[in-house]
$ cat coords.cif   # mmCIF, C-alpha atoms (C1' of nucleotides)
data_run
#
loop_
_atom_site.label_atom_id
_atom_site.label_comp_id
_atom_site.auth_asym_id
_atom_site.auth_seq_id
_atom_site.Cartn_x
_atom_site.Cartn_y
_atom_site.Cartn_z
CA MET A 21 -9.35 14.34 7.50
CA ASP A 22 -10.81 11.15 6.24
CA PHE A 23 -8.10 8.94 4.88
CA TYR A 24 -10.41 6.33 3.35
CA ARG A 25 -12.61 8.87 1.60
CA ARG A 26 -9.52 10.47 0.13
CA MET A 27 -8.38 7.06 -0.97
CA ALA A 28 -11.65 6.46 -2.77
CA VAL A 29 -11.20 9.70 -4.70
CA ILE A 30 -7.74 8.61 -5.79
CA GLY A 31 -9.05 5.21 -6.82
CA ASP A 32 -11.47 6.86 -9.22
CA HIS A 33 -8.52 8.38 -11.01
CA ILE A 34 -6.06 5.51 -11.38
CA PRO A 35 -6.00 5.14 -15.16
CA TYR A 36 -7.16 2.01 -16.93
CA GLY A 37 -4.11 0.03 -18.03
CA LYS A 38 -1.88 1.52 -15.32
CA VAL A 39 -0.95 0.56 -11.77
CA ALA A 40 -0.33 2.65 -8.66
CA THR A 41 1.84 1.71 -5.69
CA TYR A 42 0.69 1.67 -2.06
CA GLY A 43 3.12 4.42 -1.24
CA GLN A 44 2.00 6.53 -4.18
CA ILE A 45 -1.62 6.39 -3.09
CA ALA A 46 -0.68 7.15 0.50
CA LEU A 47 1.26 10.14 -0.73
CA LEU A 48 -1.63 11.43 -2.78
CA CYS A 49 -3.88 11.01 0.25
CA GLY A 50 -1.60 13.37 2.13
CA LYS A 51 -0.14 10.67 4.39
CA PRO A 52 3.12 9.58 2.74
CA ASP A 53 4.00 7.16 5.53
CA ASN A 54 0.69 5.34 5.60
CA SER A 55 1.26 2.82 2.84
CA ARG A 56 0.30 0.02 5.25
CA GLN A 57 -3.10 1.58 5.69
CA ILE A 58 -3.71 1.36 1.97
CA GLY A 59 -3.36 -2.40 2.06
CA TYR A 60 -5.47 -2.60 5.16
CA ALA A 61 -8.20 -0.47 3.58
CA LEU A 62 -8.26 -2.56 0.43
CA LYS A 63 -8.49 -5.77 2.39
CA ARG A 64 -11.43 -4.45 4.41
CA GLY A 65 -13.09 -2.67 1.49
CA LYS A 66 -12.74 0.66 3.26
CA ALA A 67 -12.17 2.59 0.06
CA GLY A 68 -15.43 1.49 -1.53
CA GLU A 69 -16.61 -1.20 -3.90
CA ASP A 70 -15.53 0.70 -6.98
CA PHE A 71 -11.91 0.97 -5.99
CA PRO A 72 -9.73 -0.73 -8.65
CA ALA A 73 -7.80 -2.86 -6.16
CA HIS A 74 -6.16 -4.93 -8.89
CA ARG A 75 -4.30 -1.81 -10.03
CA VAL A 76 -2.44 -1.52 -6.74
CA VAL A 77 1.01 -3.11 -6.53
CA SER A 78 4.01 -2.81 -4.24
CA GLY A 79 6.81 -0.34 -4.74
CA GLN A 80 8.74 -3.11 -6.47
CA GLY A 81 5.91 -3.90 -8.85
CA ASN A 82 4.82 -7.06 -7.02
CA LEU A 83 1.20 -8.15 -7.07
CA SER A 84 -0.41 -8.81 -3.73
CA GLY A 85 -0.47 -12.55 -4.13
CA ALA A 86 -3.05 -15.25 -3.83
CA ALA A 87 -4.46 -14.28 -0.47
CA ALA A 88 -5.74 -10.89 -1.51
CA PHE A 89 -8.07 -11.94 -4.32
CA ALA A 90 -10.76 -14.53 -4.86
CA THR A 91 -8.48 -16.69 -6.94
CA PRO A 92 -4.66 -16.76 -7.07
CA THR A 93 -4.56 -15.45 -10.62
CA LEU A 94 -7.41 -12.94 -10.56
CA GLN A 95 -5.33 -9.83 -10.14
CA LYS A 96 -2.99 -10.93 -12.90
CA SER A 97 -5.78 -11.66 -15.34
CA LEU A 98 -7.56 -8.40 -14.57
CA LEU A 99 -4.38 -6.48 -15.27
CA GLU A 100 -3.54 -8.38 -18.42
CA LYS A 101 -7.05 -7.76 -19.66
CA GLU A 102 -6.22 -4.07 -19.61
CA GLY A 103 -2.88 -4.54 -21.29
CA VAL A 104 -0.60 -4.59 -18.24
CA TRP A 105 2.09 -7.22 -18.57
CA VAL A 106 2.68 -9.41 -15.53
CA ASN A 107 5.74 -11.64 -15.58
CA GLU A 108 6.16 -15.16 -14.21
CA GLU A 109 7.18 -13.81 -10.82
CA GLY A 110 3.91 -11.94 -10.59
CA LYS A 111 5.53 -8.60 -11.11
CA VAL A 112 4.89 -5.63 -13.37
CA ASP A 113 7.44 -3.26 -14.86
CA LEU A 114 6.76 0.00 -13.06
CA LYS A 115 8.78 1.97 -15.57
CA LYS A 116 6.27 0.94 -18.18
CA PHE A 117 3.00 0.66 -16.30
CA ARG A 118 3.11 2.85 -13.23
CA TRP A 119 0.66 5.73 -13.21
CA GLN A 120 2.91 8.75 -13.61
CA HIS A 121 0.64 11.20 -11.90
CA THR A 122 1.52 14.83 -12.47
CA MET A 123 1.92 17.59 -9.94
CA ALA A 124 -1.17 19.18 -11.42
CA GLU A 125 -3.17 16.03 -10.67
CA ALA A 126 -1.91 16.00 -7.10
CA LEU A 127 -2.98 19.58 -6.65
CA ALA A 128 -6.35 18.82 -8.20
CA PHE A 129 -6.86 16.08 -5.63
CA ASN A 130 -6.10 18.52 -2.87
CA LYS A 131 -8.77 20.82 -4.22
CA ILE A 132 -11.26 17.98 -4.28
CA PHE A 133 -10.38 17.10 -0.68
CA GLU A 134 -10.75 20.69 0.31
CA SER A 135 -14.07 21.30 -1.37
CA ASN A 136 -15.49 18.06 0.01
CA ASN A 137 -14.02 18.66 3.42
CA ILE A 138 -12.16 15.37 3.62
"C1'" DT B 9 -3.29 -1.99 28.88
"C1'" DA B 10 0.53 -4.18 26.43
"C1'" DG B 11 1.92 -6.55 22.67
"C1'" DG B 12 1.47 -8.62 18.05
"C1'" DT B 13 0.09 -8.26 13.13
"C1'" DG B 14 -0.25 -6.75 8.43
"C1'" DA B 15 -2.15 -6.48 0.23
"C1'" DC B 16 4.04 -1.42 2.83
"C1'" DG B 17 8.48 1.29 2.11
"C1'" DC B 18 13.10 2.66 2.87
"C1'" DG B 19 17.58 2.20 4.38
"C1'" DG B 20 21.28 -0.67 6.05
"C1'" DT B 21 24.12 -5.00 6.28
"C1'" DC C 13 19.71 -11.38 -3.47
"C1'" DA C 14 18.26 -12.11 1.39
"C1'" DC C 15 17.36 -10.59 5.67
"C1'" DC C 16 17.01 -7.11 9.42
"C1'" DG C 17 15.13 -2.81 11.74
"C1'" DC C 18 12.29 0.96 11.99
"C1'" DG C 19 8.36 4.11 11.06
"C1'" DC C 20 3.55 3.90 10.39
"C1'" DC C 21 -1.33 2.95 12.45
"C1'" DA C 22 -5.98 0.48 12.65
"C1'" DC C 23 -7.17 -3.68 14.64
"C1'" DC C 24 -7.02 -7.68 16.95
"C1'" DT C 25 -5.68 -10.81 20.95
#
$ encode --input "coords.cif" --output "structure tokens"
Amino acid sequence: MDFYRRMAVIGDHIPYGKVATYGQIALLCGKPDNSRQIGYALKRGKAGEDFPAHRVVSGQGNLSGAAAFATPTLQKSLLEKEGVWVNEEGKVDLKKFRWQHTMAEALAFNKIFESNNI
DNA sequence: TAGGTGACGCGGT
DNA sequence: CACCGCGCCACCT
């Protein structure tokens, strides 16, 4: 199974104006313990150019920080542009803005993985 | 080949 | 709240 290709599929479905956590994406990829690999993949562009990296935050709602983007405030501005509030600490309220993916969506991803053999 | 390092997460102290 | 420790694993030294 191709973790990064699965990740790219998920990235296509993270809704505009919502965020997903590393762990959530790892889970949807079928590897619940591989949250570290999500960060690694984003850093190296392994999930493709189209992946909405700015919509990925930690399990506590923290943005990735200055190092991960071209400018220290890029992720924040990208999120705010889509209506996601980011507080002074560089954190988003997950209760409000986390992508609440449904079980049906998770199953749909599995079907996509299956039919594409990834 | 062994050991260290992360855009992480969870549990414990 | 802060700071461990551990699991995880692709990639470096």
$ closest_atom_pairs --input "coords.cif" --of "chain C" --to "chain A" --cutoff "12 Å" --atoms "all atoms listed in the file" --output "JSON lines"
{"residue": "C:DG19", "atom": "C1'", "partner": "A:Asp53", "partner_atom": "CA", "distance": 7.7}
{"residue": "C:DC20", "atom": "C1'", "partner": "A:Asn54", "partner_atom": "CA", "distance": 5.8}
{"residue": "C:DC21", "atom": "C1'", "partner": "A:Gln57", "partner_atom": "CA", "distance": 7.1}
{"residue": "C:DA22", "atom": "C1'", "partner": "A:Gln57", "partner_atom": "CA", "distance": 7.6}
{"residue": "C:DC23", "atom": "C1'", "partner": "A:Tyr60", "partner_atom": "CA", "distance": 9.7}
$ write_last_selection --input "coords.cif" --atoms "C-alpha atoms (C1' of nucleotides)" --output "tab-separated table (two decimals), keeping the file's coordinate frame"
chain	number	residue	atom	x	y	z
C	19	DG	C1'	8.36	4.11	11.06
C	20	DC	C1'	3.55	3.90	10.39
C	21	DC	C1'	-1.33	2.95	12.45
C	22	DA	C1'	-5.98	0.48	12.65
C	23	DC	C1'	-7.17	-3.68	14.64
$ residues_around --input "coords.cif" --residues "Leu98 of chain A" --least-positions-apart "6" --cutoff "9 Å" --atoms "all atoms listed in the file" --output "mmCIF file with C-alpha atoms, in the coordinates of the input"
data_model
loop_
_atom_site.group_PDB
_atom_site.id
_atom_site.type_symbol
_atom_site.label_atom_id
_atom_site.label_comp_id
_atom_site.auth_asym_id
_atom_site.auth_seq_id
_atom_site.Cartn_x
_atom_site.Cartn_y
_atom_site.Cartn_z
ATOM 1 C CA HIS A 74 -6.160 -4.930 -8.890
ATOM 2 C CA ARG A 75 -4.300 -1.810 -10.030
ATOM 3 C CA VAL A 104 -0.600 -4.590 -18.240
#
$ interface_residues --input "coords.cif" --of "chain B" --to "chain A" --cutoff "8 Å" --atoms "all atoms listed in the file" --output "list of chain:residue names"
B:DG14, B:DA15, B:DC16, B:DG17
$ atom_distance --input "coords.cif" --atom1 "atom CA of Arg26 of chain A" --atom2 "atom CA of Ile138 of chain A"
6.6 Å
$ atom_distance --input "coords.cif" --atom1 "atom CA of Pro35 of chain A" --atom2 "atom CA of Thr122 of chain A"
12.6 Å
$ residues_around --input "coords.cif" --residues "DC16 of chain C" --least-positions-apart "6" --cutoff "12 Å" --atoms "all atoms listed in the file" --output "JSON, numbers by chain"
{"B": [19, 20, 21]}
$ resolve_selection --input "coords.cif" --expression "the PyMOL selection byres ((chain A and resi 105) around 12)" --output "ChimeraX atom specification"
/A:37-39,75,81-83,95-104,106-118
$ atom_distance --input "coords.cif" --atom1 "atom CA of Ala28 of chain A" --atom2 "atom CA of Ala90 of chain A"
21.1 Å
$ residues_near_point --input "coords.cif" --point "(0.2, -7.9, 18.3)" --cutoff "10 Å" --atoms "all atoms listed in the file" --output "list in words"
DA10, DG11, DG12, DT13 and DG14 of chain B; DC23, DC24 and DT25 of chain C
